[in-house]
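Just structure23.txt here, compact mmCIF, N, CA and C atoms:
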```
# COMPACT_ATOMS: atom_id res chain seq x y z
N MET N 1 0.81 -1.20 0.00
CA MET N 1 0.00 0.00 0.00
C MET N 1 0.85 1.26 0.00
N THR N 2 2.06 1.17 0.60
CA THR N 2 2.88 2.39 0.59
C THR N 2 3.46 2.66 -0.79
N CYS N 3 3.58 1.63 -1.64
CA CYS N 3 4.03 1.91 -3.01
C CYS N 3 2.96 2.67 -3.77
N ARG N 4 1.70 2.40 -3.46
CA ARG N 4 0.61 3.16 -4.07
C ARG N 4 0.62 4.60 -3.57
N GLU N 5 0.93 4.77 -2.30
CA GLU N 5 1.06 6.12 -1.75
C GLU N 5 2.17 6.87 -2.48
N ARG N 6 3.31 6.21 -2.67
CA ARG N 6 4.44 6.84 -3.34
C ARG N 6 4.09 7.21 -4.77
N ALA N 7 3.41 6.31 -5.47
CA ALA N 7 3.01 6.60 -6.85
C ALA N 7 2.12 7.84 -6.89
N GLY N 8 1.24 7.98 -5.91
CA GLY N 8 0.38 9.15 -5.84
C GLY N 8 1.16 10.43 -5.58
N GLN N 9 2.18 10.34 -4.73
CA GLN N 9 3.01 11.51 -4.45
C GLN N 9 3.74 11.97 -5.71
N VAL N 10 4.28 11.02 -6.44
CA VAL N 10 5.01 11.37 -7.67
C VAL N 10 4.03 11.85 -8.73
N ARG N 11 2.89 11.18 -8.83
CA ARG N 11 1.86 11.62 -9.79
C ARG N 11 1.46 13.07 -9.53
N ASP N 12 1.25 13.40 -8.26
CA ASP N 12 0.82 14.76 -7.90
C ASP N 12 1.88 15.82 -8.21
N ARG N 13 3.13 15.43 -8.30
CA ARG N 13 4.22 16.37 -8.60
C ARG N 13 4.82 16.12 -9.99
N TYR N 14 4.16 15.29 -10.77
CA TYR N 14 4.68 14.90 -12.07
C TYR N 14 4.97 16.11 -12.96
N ASP N 15 4.10 17.09 -12.96
CA ASP N 15 4.31 18.28 -13.78
C ASP N 15 5.58 19.02 -13.38
N ASP N 16 5.94 18.97 -12.09
CA ASP N 16 7.19 19.59 -11.63
C ASP N 16 8.40 18.87 -12.22
N PHE N 17 8.31 17.55 -12.30
CA PHE N 17 9.41 16.78 -12.90
C PHE N 17 9.54 17.11 -14.39
N VAL N 18 8.41 17.14 -15.08
CA VAL N 18 8.41 17.44 -16.52
C VAL N 18 8.94 18.85 -16.76
N ALA N 19 8.51 19.81 -15.94
CA ALA N 19 8.96 21.20 -16.09
C ALA N 19 10.47 21.32 -15.90
N ALA N 20 11.03 20.41 -15.09
CA ALA N 20 12.48 20.42 -14.85
C ALA N 20 13.22 19.64 -15.94
N GLY N 21 12.48 19.10 -16.91
CA GLY N 21 13.11 18.38 -18.01
C GLY N 21 13.43 16.94 -17.68
N ALA N 22 12.82 16.40 -16.63
CA ALA N 22 13.12 15.03 -16.19
C ALA N 22 12.04 14.06 -16.67
N GLY N 23 12.45 12.83 -16.83
CA GLY N 23 11.53 11.74 -17.06
C GLY N 23 11.36 10.96 -15.77
N VAL N 24 10.23 10.33 -15.60
CA VAL N 24 9.96 9.53 -14.41
C VAL N 24 9.61 8.12 -14.87
N THR N 25 10.19 7.14 -14.24
CA THR N 25 9.87 5.74 -14.50
C THR N 25 9.79 5.02 -13.17
N ALA N 26 8.75 4.22 -12.99
CA ALA N 26 8.62 3.38 -11.80
C ALA N 26 8.94 1.94 -12.19
N ILE N 27 9.46 1.19 -11.26
CA ILE N 27 9.75 -0.22 -11.49
C ILE N 27 9.01 -1.00 -10.42
N GLY N 28 8.14 -1.91 -10.83
CA GLY N 28 7.31 -2.66 -9.90
C GLY N 28 7.62 -4.14 -9.87
N THR N 29 7.11 -4.79 -8.82
CA THR N 29 7.37 -6.21 -8.62
C THR N 29 6.23 -7.10 -9.11
N GLY N 30 5.10 -6.51 -9.46
CA GLY N 30 3.95 -7.31 -9.86
C GLY N 30 4.01 -7.75 -11.31
N GLY N 31 3.03 -8.54 -11.70
CA GLY N 31 2.92 -9.00 -13.07
C GLY N 31 2.22 -7.97 -13.96
N ARG N 32 2.07 -8.31 -15.21
CA ARG N 32 1.50 -7.39 -16.20
C ARG N 32 0.07 -6.96 -15.84
N ARG N 33 -0.79 -7.90 -15.46
CA ARG N 33 -2.17 -7.55 -15.11
C ARG N 33 -2.21 -6.63 -13.90
N TYR N 34 -1.40 -6.93 -12.91
CA TYR N 34 -1.36 -6.10 -11.71
C TYR N 34 -0.87 -4.69 -12.06
N ALA N 35 0.16 -4.61 -12.89
CA ALA N 35 0.71 -3.30 -13.28
C ALA N 35 -0.33 -2.47 -14.01
N LYS N 36 -1.08 -3.09 -14.92
CA LYS N 36 -2.13 -2.36 -15.65
C LYS N 36 -3.18 -1.81 -14.68
N ALA N 37 -3.59 -2.64 -13.71
CA ALA N 37 -4.57 -2.19 -12.72
C ALA N 37 -3.99 -1.08 -11.85
N PHE N 38 -2.73 -1.23 -11.46
CA PHE N 38 -2.04 -0.22 -10.65
C PHE N 38 -2.02 1.12 -11.37
N ILE N 39 -1.64 1.12 -12.64
CA ILE N 39 -1.57 2.34 -13.44
C ILE N 39 -2.95 2.99 -13.55
N ARG N 40 -3.95 2.17 -13.81
CA ARG N 40 -5.32 2.68 -13.96
C ARG N 40 -5.85 3.23 -12.63
N GLU N 41 -5.73 2.45 -11.56
CA GLU N 41 -6.30 2.84 -10.27
C GLU N 41 -5.59 4.05 -9.65
N GLU N 42 -4.29 4.12 -9.82
CA GLU N 42 -3.52 5.23 -9.24
C GLU N 42 -3.34 6.39 -10.22
N GLN N 43 -3.87 6.25 -11.43
CA GLN N 43 -3.80 7.29 -12.47
C GLN N 43 -2.35 7.73 -12.69
N VAL N 44 -1.49 6.76 -12.89
CA VAL N 44 -0.06 6.99 -13.06
C VAL N 44 0.22 7.48 -14.49
N PRO N 45 0.80 8.69 -14.64
CA PRO N 45 1.05 9.25 -15.97
C PRO N 45 2.42 8.90 -16.54
N PHE N 46 3.23 8.14 -15.81
CA PHE N 46 4.59 7.80 -16.23
C PHE N 46 4.71 6.30 -16.44
N PRO N 47 5.74 5.87 -17.18
CA PRO N 47 5.90 4.44 -17.45
C PRO N 47 6.17 3.64 -16.17
N VAL N 48 5.62 2.42 -16.16
CA VAL N 48 5.87 1.47 -15.07
C VAL N 48 6.46 0.22 -15.71
N LEU N 49 7.69 -0.08 -15.35
CA LEU N 49 8.37 -1.27 -15.86
C LEU N 49 8.22 -2.40 -14.85
N LEU N 50 8.27 -3.64 -15.33
CA LEU N 50 8.13 -4.80 -14.46
C LEU N 50 9.48 -5.43 -14.18
N ASP N 51 9.70 -5.78 -12.93
CA ASP N 51 10.93 -6.45 -12.49
C ASP N 51 10.54 -7.69 -11.69
N GLU N 52 9.81 -8.59 -12.36
CA GLU N 52 9.27 -9.76 -11.67
C GLU N 52 10.35 -10.65 -11.06
N ASP N 53 11.49 -10.72 -11.68
CA ASP N 53 12.54 -11.60 -11.19
C ASP N 53 13.57 -10.89 -10.30
N GLY N 54 13.40 -9.61 -10.09
CA GLY N 54 14.27 -8.87 -9.18
C GLY N 54 15.63 -8.49 -9.73
N VAL N 55 15.80 -8.54 -11.02
CA VAL N 55 17.09 -8.20 -11.62
C VAL N 55 17.45 -6.74 -11.36
N ALA N 56 16.52 -5.83 -11.61
CA ALA N 56 16.79 -4.41 -11.37
C ALA N 56 17.01 -4.14 -9.88
N ALA N 57 16.21 -4.77 -9.03
CA ALA N 57 16.37 -4.60 -7.58
C ALA N 57 17.75 -5.06 -7.12
N ASP N 58 18.23 -6.15 -7.70
CA ASP N 58 19.57 -6.63 -7.35
C ASP N 58 20.65 -5.67 -7.82
N ILE N 59 20.47 -5.11 -9.00
CA ILE N 59 21.48 -4.19 -9.55
C ILE N 59 21.63 -2.95 -8.67
N VAL N 60 20.50 -2.37 -8.24
CA VAL N 60 20.58 -1.15 -7.43
C VAL N 60 20.66 -1.46 -5.93
N GLU N 61 20.62 -2.74 -5.61
CA GLU N 61 20.80 -3.22 -4.22
C GLU N 61 19.77 -2.64 -3.25
N THR N 62 18.49 -2.77 -3.62
CA THR N 62 17.45 -2.35 -2.70
C THR N 62 17.45 -3.28 -1.49
N LYS N 63 16.94 -2.77 -0.40
CA LYS N 63 16.88 -3.54 0.84
C LYS N 63 15.59 -4.37 0.86
N THR N 64 15.53 -5.31 1.80
CA THR N 64 14.31 -6.08 1.99
C THR N 64 13.79 -5.83 3.40
N LEU N 65 12.50 -6.00 3.53
CA LEU N 65 11.82 -5.75 4.79
C LEU N 65 11.98 -6.95 5.71
N GLY N 66 12.65 -6.74 6.82
CA GLY N 66 12.80 -7.80 7.81
C GLY N 66 11.83 -7.61 8.96
N VAL N 67 11.78 -8.58 9.83
CA VAL N 67 10.87 -8.52 10.98
C VAL N 67 11.15 -7.28 11.83
N ARG N 68 12.42 -7.00 12.03
CA ARG N 68 12.79 -5.83 12.83
C ARG N 68 12.21 -4.53 12.27
N ALA N 69 12.34 -4.37 10.96
CA ALA N 69 11.83 -3.16 10.31
C ALA N 69 10.30 -3.11 10.37
N MET N 70 9.64 -4.27 10.28
CA MET N 70 8.18 -4.30 10.34
C MET N 70 7.66 -3.87 11.71
N LEU N 71 8.46 -4.11 12.74
CA LEU N 71 8.03 -3.81 14.10
C LEU N 71 8.36 -2.39 14.55
N LYS N 72 9.06 -1.65 13.72
CA LYS N 72 9.39 -0.26 14.06
C LYS N 72 8.11 0.56 14.14
N PRO N 73 7.99 1.42 15.14
CA PRO N 73 6.82 2.30 15.20
C PRO N 73 6.68 3.16 13.94
N SER N 74 7.79 3.59 13.37
CA SER N 74 7.73 4.42 12.16
C SER N 74 7.12 3.66 10.99
N ALA N 75 7.38 2.35 10.91
CA ALA N 75 6.80 1.54 9.84
C ALA N 75 5.29 1.40 10.05
N TYR N 76 4.90 1.17 11.29
CA TYR N 76 3.47 1.06 11.61
C TYR N 76 2.76 2.37 11.27
N LEU N 77 3.34 3.49 11.67
CA LEU N 77 2.74 4.80 11.40
C LEU N 77 2.64 5.08 9.91
N ALA N 78 3.66 4.65 9.15
CA ALA N 78 3.63 4.83 7.69
C ALA N 78 2.46 4.04 7.09
N GLY N 79 2.24 2.83 7.59
CA GLY N 79 1.11 2.03 7.12
C GLY N 79 -0.22 2.66 7.45
N VAL N 80 -0.36 3.16 8.67
CA VAL N 80 -1.59 3.83 9.09
C VAL N 80 -1.82 5.07 8.23
N ARG N 81 -0.76 5.85 7.99
CA ARG N 81 -0.87 7.07 7.17
C ARG N 81 -1.34 6.72 5.75
N SER N 82 -0.77 5.67 5.21
CA SER N 82 -1.11 5.26 3.86
C SER N 82 -2.58 4.81 3.76
N VAL N 83 -3.02 4.02 4.73
CA VAL N 83 -4.42 3.56 4.75
C VAL N 83 -5.36 4.75 4.94
N ALA N 84 -4.97 5.68 5.81
CA ALA N 84 -5.81 6.86 6.06
C ALA N 84 -5.99 7.69 4.79
N LYS N 85 -5.02 7.65 3.90
CA LYS N 85 -5.10 8.39 2.64
C LYS N 85 -5.83 7.60 1.56
N GLY N 86 -6.35 6.40 1.94
CA GLY N 86 -7.14 5.62 1.00
C GLY N 86 -6.38 4.57 0.22
N HIS N 87 -5.11 4.37 0.51
CA HIS N 87 -4.33 3.38 -0.22
C HIS N 87 -4.54 2.01 0.41
N ARG N 88 -4.75 1.01 -0.42
CA ARG N 88 -4.98 -0.35 0.06
C ARG N 88 -4.04 -1.29 -0.67
N GLN N 89 -3.54 -2.26 0.06
CA GLN N 89 -2.70 -3.29 -0.55
C GLN N 89 -3.58 -4.20 -1.38
N ARG N 90 -3.21 -4.39 -2.60
CA ARG N 90 -3.92 -5.34 -3.44
C ARG N 90 -3.04 -6.59 -3.48
N LYS N 91 -3.00 -7.24 -4.57
CA LYS N 91 -2.13 -8.41 -4.72
C LYS N 91 -0.67 -7.97 -4.63
N THR N 92 0.13 -8.74 -3.92
CA THR N 92 1.56 -8.42 -3.85
C THR N 92 2.29 -9.09 -5.01
N GLY N 93 3.44 -8.56 -5.32
CA GLY N 93 4.28 -9.16 -6.35
C GLY N 93 5.02 -10.37 -5.79
N ARG N 94 5.96 -10.87 -6.54
CA ARG N 94 6.73 -12.05 -6.12
C ARG N 94 7.62 -11.77 -4.91
N ARG N 95 7.96 -10.51 -4.70
CA ARG N 95 8.87 -10.16 -3.61
C ARG N 95 8.20 -9.12 -2.70
N PRO N 96 7.24 -9.54 -1.88
CA PRO N 96 6.50 -8.58 -1.06
C PRO N 96 7.35 -7.89 0.01
N THR N 97 8.53 -8.41 0.30
CA THR N 97 9.38 -7.77 1.32
C THR N 97 10.41 -6.82 0.71
N GLN N 98 10.39 -6.65 -0.60
CA GLN N 98 11.34 -5.74 -1.24
C GLN N 98 10.95 -4.31 -0.93
N LEU N 99 11.91 -3.53 -0.48
CA LEU N 99 11.70 -2.12 -0.22
C LEU N 99 12.05 -1.31 -1.47
N GLY N 100 11.62 -0.07 -1.49
CA GLY N 100 11.83 0.77 -2.65
C GLY N 100 13.09 1.62 -2.57
N ALA N 101 13.36 2.26 -3.66
CA ALA N 101 14.48 3.19 -3.74
C ALA N 101 14.08 4.30 -4.70
N THR N 102 14.67 5.46 -4.50
CA THR N 102 14.48 6.59 -5.41
C THR N 102 15.85 6.98 -5.93
N LEU N 103 15.99 6.94 -7.25
CA LEU N 103 17.27 7.27 -7.88
C LEU N 103 17.04 8.39 -8.90
N VAL N 104 17.98 9.31 -8.95
CA VAL N 104 17.99 10.32 -10.01
C VAL N 104 19.24 10.05 -10.82
N ILE N 105 19.02 9.69 -12.07
CA ILE N 105 20.13 9.37 -12.97
C ILE N 105 20.19 10.47 -14.02
N GLY N 106 21.33 11.12 -14.07
CA GLY N 106 21.51 12.26 -14.96
C GLY N 106 22.14 11.87 -16.28
N PRO N 107 22.47 12.87 -17.07
CA PRO N 107 23.13 12.62 -18.35
C PRO N 107 24.42 11.82 -18.14
N GLY N 108 24.68 10.92 -19.09
CA GLY N 108 25.88 10.09 -18.99
C GLY N 108 25.76 9.02 -17.93
N ASP N 109 24.52 8.69 -17.55
CA ASP N 109 24.25 7.67 -16.53
C ASP N 109 24.88 8.01 -15.18
N GLU N 110 25.02 9.29 -14.88
CA GLU N 110 25.58 9.71 -13.60
C GLU N 110 24.49 9.65 -12.52
N LEU N 111 24.81 8.98 -11.42
CA LEU N 111 23.88 8.89 -10.30
C LEU N 111 23.95 10.18 -9.50
N LEU N 112 22.88 10.98 -9.56
CA LEU N 112 22.86 12.29 -8.92
C LEU N 112 22.22 12.26 -7.53
N TYR N 113 21.39 11.27 -7.28
CA TYR N 113 20.67 11.19 -6.00
C TYR N 113 20.26 9.74 -5.80
N GLU N 114 20.35 9.29 -4.55
CA GLU N 114 19.86 7.95 -4.23
C GLU N 114 19.33 7.94 -2.80
N ASP N 115 18.21 7.26 -2.63
CA ASP N 115 17.60 7.10 -1.32
C ASP N 115 16.98 5.71 -1.27
N TYR N 116 17.36 4.93 -0.28
CA TYR N 116 16.86 3.57 -0.13
C TYR N 116 15.97 3.49 1.11
N GLU N 117 14.79 2.93 0.94
CA GLU N 117 13.87 2.81 2.06
C GLU N 117 14.43 1.86 3.12
N ASP N 118 14.26 2.24 4.39
CA ASP N 118 14.63 1.37 5.51
C ASP N 118 13.43 0.60 6.03
N PHE N 119 12.24 1.05 5.69
CA PHE N 119 11.00 0.35 6.02
C PHE N 119 9.96 0.80 5.00
N ALA N 120 8.88 0.05 4.89
CA ALA N 120 7.83 0.39 3.94
C ALA N 120 7.26 1.76 4.29
N GLY N 121 7.26 2.66 3.33
CA GLY N 121 6.75 4.00 3.55
C GLY N 121 7.82 5.03 3.86
N ASP N 122 9.07 4.59 3.91
CA ASP N 122 10.19 5.49 4.18
C ASP N 122 10.64 6.13 2.86
N HIS N 123 9.77 6.97 2.30
CA HIS N 123 10.01 7.54 0.98
C HIS N 123 10.92 8.76 1.03
N ALA N 124 11.69 8.93 -0.03
CA ALA N 124 12.51 10.13 -0.18
C ALA N 124 11.59 11.34 -0.29
N ASP N 125 12.04 12.46 0.23
CA ASP N 125 11.29 13.71 0.14
C ASP N 125 11.28 14.18 -1.31
N ILE N 126 10.10 14.42 -1.84
CA ILE N 126 9.95 14.81 -3.25
C ILE N 126 10.71 16.10 -3.55
N ASP N 127 10.69 17.05 -2.61
CA ASP N 127 11.41 18.30 -2.86
C ASP N 127 12.91 18.06 -2.96
N GLU N 128 13.45 17.13 -2.19
CA GLU N 128 14.88 16.78 -2.29
C GLU N 128 15.18 16.14 -3.64
N VAL N 129 14.27 15.29 -4.08
CA VAL N 129 14.46 14.63 -5.38
C VAL N 129 14.47 15.67 -6.49
N LEU N 130 13.50 16.58 -6.46
CA LEU N 130 13.45 17.63 -7.48
C LEU N 130 14.69 18.53 -7.42
N ALA N 131 15.18 18.80 -6.24
CA ALA N 131 16.37 19.65 -6.09
C ALA N 131 17.63 18.97 -6.67
N ALA N 132 17.61 17.64 -6.75
CA ALA N 132 18.76 16.91 -7.27
C ALA N 132 18.82 16.89 -8.80
N LEU N 133 17.75 17.33 -9.44
CA LEU N 133 17.71 17.31 -10.91
C LEU N 133 18.69 18.34 -11.48
N PRO N 134 19.36 17.97 -12.58
CA PRO N 134 20.32 18.91 -13.18
C PRO N 134 19.63 20.10 -13.82
```
If you convert what's in this file into structure tokens, what do you get?
Amino acid sequence: MTCRERAGQVRDRYDDFVAAGAGVTAIGTGGRRYAKAFIREEQVPFPVLLDEDGVAADIVETKTLGVRAMLKPSAYLAGVRSVAKGHRQRKTGRRPTQLGATLVIGPGDELLYEDYEDFAGDHADIDEVLAALP
């Protein structure tokens, strides 16, 4: 459900990314049918690529959600916040414990910004992401 929250945050600021000359791409863990429903339900205006086998997640070395992280009060509060905003977990992908990351890749494949979630809902601040754009 927090990935749906994140998609909504980026969707709501999508015009800011476009105005800055940036492209936005999301990478998801679900299958094709799930991705289509996700795009439709969350009204996602940017491409969503599928990483069913975790190849992209392995390359960027995203973290996974362990029991310790699930029990953190901040993780619980993130879940409550997400549900309060109307986001609901639907079908999970093959790797339901995979956490997200936010990367800004500039010209020449230069990594300009990176933020890795420590728990579900630990999203990078959108204003920081926009500030990292060239």
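Note that the spacing between atom C of Gln9 of chain N and atom N of Thr102 of chain N amounts to 12.8 Å.
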**Study point:** For Phe46 of chain N, the nearest of the candidates N:Ala101, N:Ala26, N:Ile59, N:Ala124, counting all atoms listed in the file
**Key:**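 Closest candidate: N:Ala26.
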Point to revise | Å distance separating atom N of Ala20 of chain N from atom N of Glu110 of chain N, one decimal place | key: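 Value for the atom N of Ala20 of chain N-atom N of Glu110 of chain N distance: 17.9 Å.
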Review point. Mind listing as an NGL selection string all residues within 7 Å of (7.9, 0.0, -16.5), counting only N, CA and C atoms?
Key: :N and (25-28 or 47-50)
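Counting all atoms listed in the file and comparing N:Phe119, N:Tyr34, N:Leu130, N:Ile105, the residue that lies closest to Asp16 of chain N is N:Leu130.
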**Study point:** Best match for closeness to Arg13 of chain N among N:Ala57, N:Leu65, N:Val44, N:Val104, counting only C-alpha atoms
**Key:**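 Among N:Ala57, N:Leu65, N:Val44, N:Val104, it is N:Val44 that comes nearest to Arg13 of chain N.
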Check your understanding: What does the distance from atom N of Ala19 of chain N to atom CA of Tyr116 of chain N come to in Å, to one decimal?
Key -> 24.2 Å
Would you mind listing what lies within 6 Å of Lys63 of chain N as a PDB file with N, CA and C atoms, in the frame of the given file, with all atoms listed in the file counted and same-chain residues fewer than 5 positions away left out?
```pdb
ATOM      1  N   THR N  97       8.530  -8.410   0.300  1.00  0.00           N
ATOM      2  CA  THR N  97       9.380  -7.770   1.320  1.00  0.00           C
ATOM      3  C   THR N  97      10.410  -6.820   0.710  1.00  0.00           C
ATOM      4  N   GLN N  98      10.390  -6.650  -0.600  1.00  0.00           N
ATOM      5  CA  GLN N  98      11.340  -5.740  -1.240  1.00  0.00           C
ATOM      6  C   GLN N  98      10.950  -4.310  -0.930  1.00  0.00           C
ATOM      7  N   LEU N  99      11.910  -3.530  -0.480  1.00  0.00           N
ATOM      8  CA  LEU N  99      11.700  -2.120  -0.220  1.00  0.00           C
ATOM      9  C   LEU N  99      12.050  -1.310  -1.470  1.00  0.00           C
TER      10      LEU N  99
END
```
**Study point:** Selected residue, from N:Gly106, N:Gly100, N:Asp122, N:Arg11, that lies nearest to Glu42 of chain N when counting all atoms listed in the file
**Key:**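 Under the stated criterion, the closest residue is N:Arg11.
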